[in-house]
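Written out below as structure tokens is the structure these notes cover.
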Amino acid sequence: MSEKIAVYPGSFDPITFGHLDIIRRGMTVFDKIIVAVLNNSRKDPLFTVDERVDLLGQATSAFPGVTVDSFDGLLMDYVREKDVHIVLRGLRAISDFEYELQIASINKSLSPEIETCFMMTSNKYSFLSSSMVKEVAKYGGPVHELVPEPVERALKKKFV
């Protein structure tokens, strides 16, 4: 029986407990998860790709079977390059679903052999987004209940 491997792509700018919730629960479904940081030219990230990869590595170090990587370009090209057939995506609300459905539909037309698996974020994190975390941190608000400790430290450095 072959291993079930999924790619969990995103900008992860920065990683939150909501992302970790998807990874933790995804590990109950998949043998391995590749967390893939997208270098998205449309966004102006707070953290560089290397910083995000490092923070993800620290945050997921206790998860056996999780690796962290980065990519440019089309997700479907990256997934095929890794010889993976499942993309894992987290959903918080119906608005996420509409956006994610559009992406999944385009991805399916590009690569019919690759499936997208949606996982609902736990209710505890359904409000949480990286942009909200950055906004709170920017004005000195507490983020310790929103992000892992290494991310909290990195945010404080960015906004000093």
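FYI, nothing fancy with the structure tokens labels: chains A, B, ... in order, residues from 1 per chain, ligands from 1 as they appear.
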
Excluding same-chain residues fewer than 3 positions from region 118-135 of chain A, what lies within 8 Å of it counting only C-alpha atoms, as a compact mmCIF listing (two decimals) with all heavy atoms, in the first residue's frame?
```
# COMPACT_ATOMS: atom_id res chain seq x y z
N PHE A 12 1.32 31.50 4.36
CA PHE A 12 1.77 31.31 5.75
C PHE A 12 2.56 32.53 6.24
O PHE A 12 3.66 32.41 6.74
CB PHE A 12 2.61 30.04 5.89
CG PHE A 12 1.90 28.80 5.44
CD1 PHE A 12 2.25 28.18 4.25
CD2 PHE A 12 0.88 28.25 6.19
CE1 PHE A 12 1.59 27.03 3.82
CE2 PHE A 12 0.22 27.11 5.77
CZ PHE A 12 0.58 26.49 4.59
N ASP A 13 1.96 33.71 6.09
CA ASP A 13 2.63 34.97 6.42
C ASP A 13 1.93 35.69 7.55
O ASP A 13 1.29 36.71 7.31
CB ASP A 13 2.72 35.85 5.18
CG ASP A 13 3.55 37.11 5.41
OD1 ASP A 13 4.59 37.02 6.09
OD2 ASP A 13 3.13 38.18 4.92
N PRO A 14 2.07 35.22 8.79
CA PRO A 14 2.83 34.08 9.28
C PRO A 14 1.91 32.88 9.54
O PRO A 14 0.70 32.97 9.42
CB PRO A 14 3.36 34.60 10.62
CG PRO A 14 2.23 35.44 11.13
CD PRO A 14 1.64 36.10 9.89
N ILE A 15 2.55 31.78 9.95
CA ILE A 15 1.79 30.59 10.34
C ILE A 15 1.04 30.91 11.64
O ILE A 15 1.55 31.63 12.51
CB ILE A 15 2.70 29.36 10.52
CG1 ILE A 15 1.86 28.11 10.73
CG2 ILE A 15 3.74 29.57 11.59
CD1 ILE A 15 2.62 26.82 10.64
N THR A 16 -0.17 30.39 11.73
CA THR A 16 -1.01 30.60 12.91
C THR A 16 -1.39 29.24 13.51
O THR A 16 -1.13 28.19 12.91
CB THR A 16 -2.32 31.33 12.53
OG1 THR A 16 -3.14 30.44 11.75
CG2 THR A 16 -2.04 32.62 11.78
N PHE A 17 -2.04 29.28 14.66
CA PHE A 17 -2.53 28.05 15.25
C PHE A 17 -3.62 27.42 14.38
O PHE A 17 -3.83 26.21 14.44
CB PHE A 17 -3.04 28.28 16.67
CG PHE A 17 -1.94 28.47 17.69
CD1 PHE A 17 -2.05 29.44 18.67
CD2 PHE A 17 -0.81 27.68 17.67
CE1 PHE A 17 -1.05 29.61 19.61
CE2 PHE A 17 0.20 27.84 18.61
CZ PHE A 17 0.08 28.82 19.58
N GLY A 18 -4.29 28.20 13.57
CA GLY A 18 -5.26 27.65 12.62
C GLY A 18 -4.59 26.78 11.58
O GLY A 18 -5.07 25.68 11.25
N ASP A 21 -3.52 23.61 13.24
CA ASP A 21 -4.69 22.76 13.45
C ASP A 21 -4.94 21.90 12.21
O ASP A 21 -5.17 20.69 12.32
CB ASP A 21 -5.90 23.63 13.77
CG ASP A 21 -7.18 22.84 13.91
OD1 ASP A 21 -7.24 21.95 14.78
OD2 ASP A 21 -8.13 23.11 13.15
N ILE A 22 -4.88 22.50 11.04
CA ILE A 22 -5.07 21.75 9.79
C ILE A 22 -3.96 20.71 9.62
O ILE A 22 -4.22 19.56 9.24
CB ILE A 22 -5.14 22.70 8.57
CG1 ILE A 22 -6.37 23.60 8.66
CG2 ILE A 22 -5.11 21.92 7.26
CD1 ILE A 22 -7.70 22.88 8.60
N GLY A 26 -4.64 16.94 9.67
CA GLY A 26 -4.31 16.33 8.39
C GLY A 26 -3.42 15.11 8.55
O GLY A 26 -3.51 14.15 7.79
N LEU A 88 -4.12 19.60 0.13
CA LEU A 88 -4.89 19.83 1.35
C LEU A 88 -5.11 21.32 1.51
O LEU A 88 -4.15 22.10 1.42
CB LEU A 88 -4.13 19.27 2.56
CG LEU A 88 -4.73 19.53 3.94
CD1 LEU A 88 -6.11 18.88 4.08
CD2 LEU A 88 -3.78 19.03 5.02
N ARG A 89 -6.36 21.72 1.73
CA ARG A 89 -6.69 23.12 1.94
C ARG A 89 -7.58 23.26 3.16
O ARG A 89 -8.48 22.45 3.38
CB ARG A 89 -7.42 23.70 0.72
CG ARG A 89 -6.60 23.70 -0.56
CD ARG A 89 -5.40 24.59 -0.50
NE ARG A 89 -5.82 25.99 -0.38
CZ ARG A 89 -5.01 26.99 -0.10
NH1 ARG A 89 -3.74 26.78 0.11
NH2 ARG A 89 -5.48 28.21 -0.02
N GLY A 90 -7.32 24.27 3.96
CA GLY A 90 -8.14 24.55 5.13
C GLY A 90 -9.21 25.57 4.80
O GLY A 90 -9.00 26.48 4.00
N LEU A 91 -10.37 25.40 5.43
CA LEU A 91 -11.49 26.32 5.25
C LEU A 91 -11.93 26.87 6.60
O LEU A 91 -12.07 26.11 7.56
CB LEU A 91 -12.68 25.60 4.60
CG LEU A 91 -12.49 25.02 3.21
CD1 LEU A 91 -13.72 24.21 2.81
CD2 LEU A 91 -12.23 26.12 2.20
N ARG A 92 -12.18 28.18 6.65
CA ARG A 92 -12.69 28.79 7.88
C ARG A 92 -14.17 29.10 7.77
O ARG A 92 -14.91 28.94 8.72
CB ARG A 92 -11.95 30.10 8.18
CG ARG A 92 -10.51 29.90 8.56
CD ARG A 92 -9.82 31.21 8.64
NE ARG A 92 -9.84 31.80 7.28
CZ ARG A 92 -9.15 32.84 6.90
NH1 ARG A 92 -8.40 33.47 7.74
NH2 ARG A 92 -9.22 33.27 5.67
N ALA A 93 -14.60 29.61 6.63
CA ALA A 93 -15.97 30.10 6.49
C ALA A 93 -16.43 29.88 5.06
O ALA A 93 -15.65 29.52 4.18
CB ALA A 93 -16.04 31.58 6.85
N LYS A 138 1.07 44.51 14.88
CA LYS A 138 1.54 45.84 14.44
C LYS A 138 1.28 46.90 15.51
O LYS A 138 2.08 47.81 15.71
CB LYS A 138 0.84 46.22 13.14
CG LYS A 138 1.21 47.57 12.59
CD LYS A 138 0.48 47.83 11.29
CE LYS A 138 0.81 49.18 10.72
NZ LYS A 138 0.10 49.43 9.45
N TYR A 139 0.15 46.77 16.20
CA TYR A 139 -0.22 47.76 17.21
C TYR A 139 0.08 47.28 18.63
O TYR A 139 -0.46 47.82 19.60
CB TYR A 139 -1.69 48.14 17.04
CG TYR A 139 -1.91 48.87 15.74
CD1 TYR A 139 -2.50 48.23 14.66
CD2 TYR A 139 -1.47 50.19 15.58
CE1 TYR A 139 -2.67 48.90 13.45
CE2 TYR A 139 -1.64 50.86 14.37
CZ TYR A 139 -2.24 50.21 13.32
OH TYR A 139 -2.40 50.87 12.13
N VAL A 143 -0.49 38.34 20.82
CA VAL A 143 -0.74 37.32 19.79
C VAL A 143 -0.38 35.91 20.27
O VAL A 143 -0.44 34.96 19.49
CB VAL A 143 0.00 37.64 18.46
CG1 VAL A 143 -0.53 38.91 17.84
CG2 VAL A 143 1.50 37.71 18.68
N LEU A 146 -2.61 33.15 19.34
CA LEU A 146 -2.90 33.07 17.91
C LEU A 146 -1.80 32.38 17.11
O LEU A 146 -2.08 31.81 16.05
CB LEU A 146 -3.13 34.48 17.35
CG LEU A 146 -4.14 35.36 18.09
CD1 LEU A 146 -4.16 36.76 17.48
CD2 LEU A 146 -5.51 34.72 18.08
N VAL A 147 -0.56 32.47 17.60
CA VAL A 147 0.60 31.96 16.86
C VAL A 147 1.57 31.25 17.80
O VAL A 147 1.60 31.54 19.00
CB VAL A 147 1.35 33.10 16.12
CG1 VAL A 147 0.47 33.77 15.08
CG2 VAL A 147 1.89 34.12 17.09
N LEU A 155 7.37 38.36 15.06
CA LEU A 155 6.47 39.50 14.85
C LEU A 155 6.92 40.71 15.67
O LEU A 155 6.91 41.84 15.16
CB LEU A 155 5.03 39.13 15.22
CG LEU A 155 4.28 38.26 14.21
CD1 LEU A 155 3.05 37.64 14.85
CD2 LEU A 155 3.91 39.06 12.97
```

Could you find all residues in chain A that DSSP calls strand (DSSP E) from the backbone, and write them as an MDAnalysis selection string? chainID A and resid 5:10 32:38 66:71 86:91 115:120

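Within the 12 Å cut-off around Val53 (chain A), using only C-alpha atoms and omitting residues fewer than 6 positions from it on the same chain, the listed residues are Pro9, Gly10, Ser11, Phe12, Asp13, Pro14, Ile15, Ile34, Val35, Ala36, Val37, Leu38, Asn39, Phe47, Ala59, Thr60, Ser61, Thr67, Val68, Asp69, Ser70, Phe71 and Val151 of chain A.
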
Output file for the selection above: C-alpha atoms, as an mmCIF file, in the first residue's frame:
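The resulting file, out-v5.cif, is shown below:
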```
data_model
loop_
_atom_site.group_PDB
_atom_site.id
_atom_site.type_symbol
_atom_site.label_atom_id
_atom_site.label_comp_id
_atom_site.auth_asym_id
_atom_site.auth_seq_id
_atom_site.Cartn_x
_atom_site.Cartn_y
_atom_site.Cartn_z
ATOM 1 C CA PRO A 9 0.156 25.122 0.158
ATOM 2 C CA GLY A 10 -0.180 28.682 1.358
ATOM 3 C CA SER A 11 1.553 31.952 1.969
ATOM 4 C CA PHE A 12 1.769 31.309 5.749
ATOM 5 C CA ASP A 13 2.633 34.970 6.424
ATOM 6 C CA PRO A 14 2.829 34.078 9.283
ATOM 7 C CA ILE A 15 1.788 30.589 10.345
ATOM 8 C CA ILE A 34 4.493 18.772 2.552
ATOM 9 C CA VAL A 35 3.788 22.288 3.789
ATOM 10 C CA ALA A 36 4.638 24.411 0.759
ATOM 11 C CA VAL A 37 5.194 28.144 1.101
ATOM 12 C CA LEU A 38 4.100 29.999 -2.001
ATOM 13 C CA ASN A 39 6.260 32.853 -3.170
ATOM 14 C CA PHE A 47 8.206 37.756 6.174
ATOM 15 C CA ALA A 59 6.381 25.195 14.432
ATOM 16 C CA THR A 60 6.084 21.732 12.871
ATOM 17 C CA SER A 61 9.262 20.144 14.251
ATOM 18 C CA THR A 67 8.248 18.612 5.765
ATOM 19 C CA VAL A 68 8.448 22.269 4.789
ATOM 20 C CA ASP A 69 9.335 23.538 1.327
ATOM 21 C CA SER A 70 8.720 26.564 -0.898
ATOM 22 C CA PHE A 71 7.763 27.044 -4.518
ATOM 23 C CA VAL A 151 6.283 33.489 15.396
#
```

Per DSSP on the backbone, filter region 11-156 of chain A down to the residues in alpha helix (DSSP H) and report them as an MDAnalysis selection string. chainID A and resid 17:26 49:59 75:81 94:110 130:138 149:156

So that I can see what lies close to Lys108 (chain A), please list as a count of residues only the residues with an atom at most 12 Å from it, counting only C-alpha atoms and leaving out residues fewer than 4 positions away in the same chain. 16

Give me, as an mmCIF file with N, CA and C atoms, in the first residue's frame, all polymer residues having an atom no more than 10 Å from Phe63 (chain A), counting only C-alpha atoms and skipping those fewer than 5 positions away in the same chain.
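The resulting part-v5.cif:
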```cif
data_model
loop_
_atom_site.group_PDB
_atom_site.id
_atom_site.type_symbol
_atom_site.label_atom_id
_atom_site.label_comp_id
_atom_site.auth_asym_id
_atom_site.auth_seq_id
_atom_site.Cartn_x
_atom_site.Cartn_y
_atom_site.Cartn_z
ATOM 1 N N LEU A 20 -1.691 25.268 11.997
ATOM 2 C CA LEU A 20 -1.198 24.086 12.709
ATOM 3 C C LEU A 20 -2.325 23.102 13.010
ATOM 4 N N ILE A 23 -2.728 21.085 9.901
ATOM 5 C CA ILE A 23 -1.608 20.153 9.769
ATOM 6 C C ILE A 23 -1.777 18.987 10.750
ATOM 7 N N ARG A 24 -2.055 19.301 12.002
ATOM 8 C CA ARG A 24 -2.202 18.258 13.033
ATOM 9 C C ARG A 24 -3.309 17.283 12.650
ATOM 10 N N MET A 27 -2.594 15.109 9.595
ATOM 11 C CA MET A 27 -1.720 13.961 9.849
ATOM 12 C C MET A 27 -2.503 12.737 10.301
ATOM 13 N N LYS A 32 2.112 11.636 5.173
ATOM 14 C CA LYS A 32 3.065 12.737 5.080
ATOM 15 C C LYS A 32 2.347 13.966 4.541
ATOM 16 N N ILE A 33 2.785 15.123 5.015
ATOM 17 C CA ILE A 33 2.293 16.393 4.492
ATOM 18 C C ILE A 33 3.489 17.266 4.170
ATOM 19 N N GLY A 57 9.171 25.438 9.908
ATOM 20 C CA GLY A 57 9.998 24.323 10.361
ATOM 21 C C GLY A 57 10.027 24.228 11.877
#
```
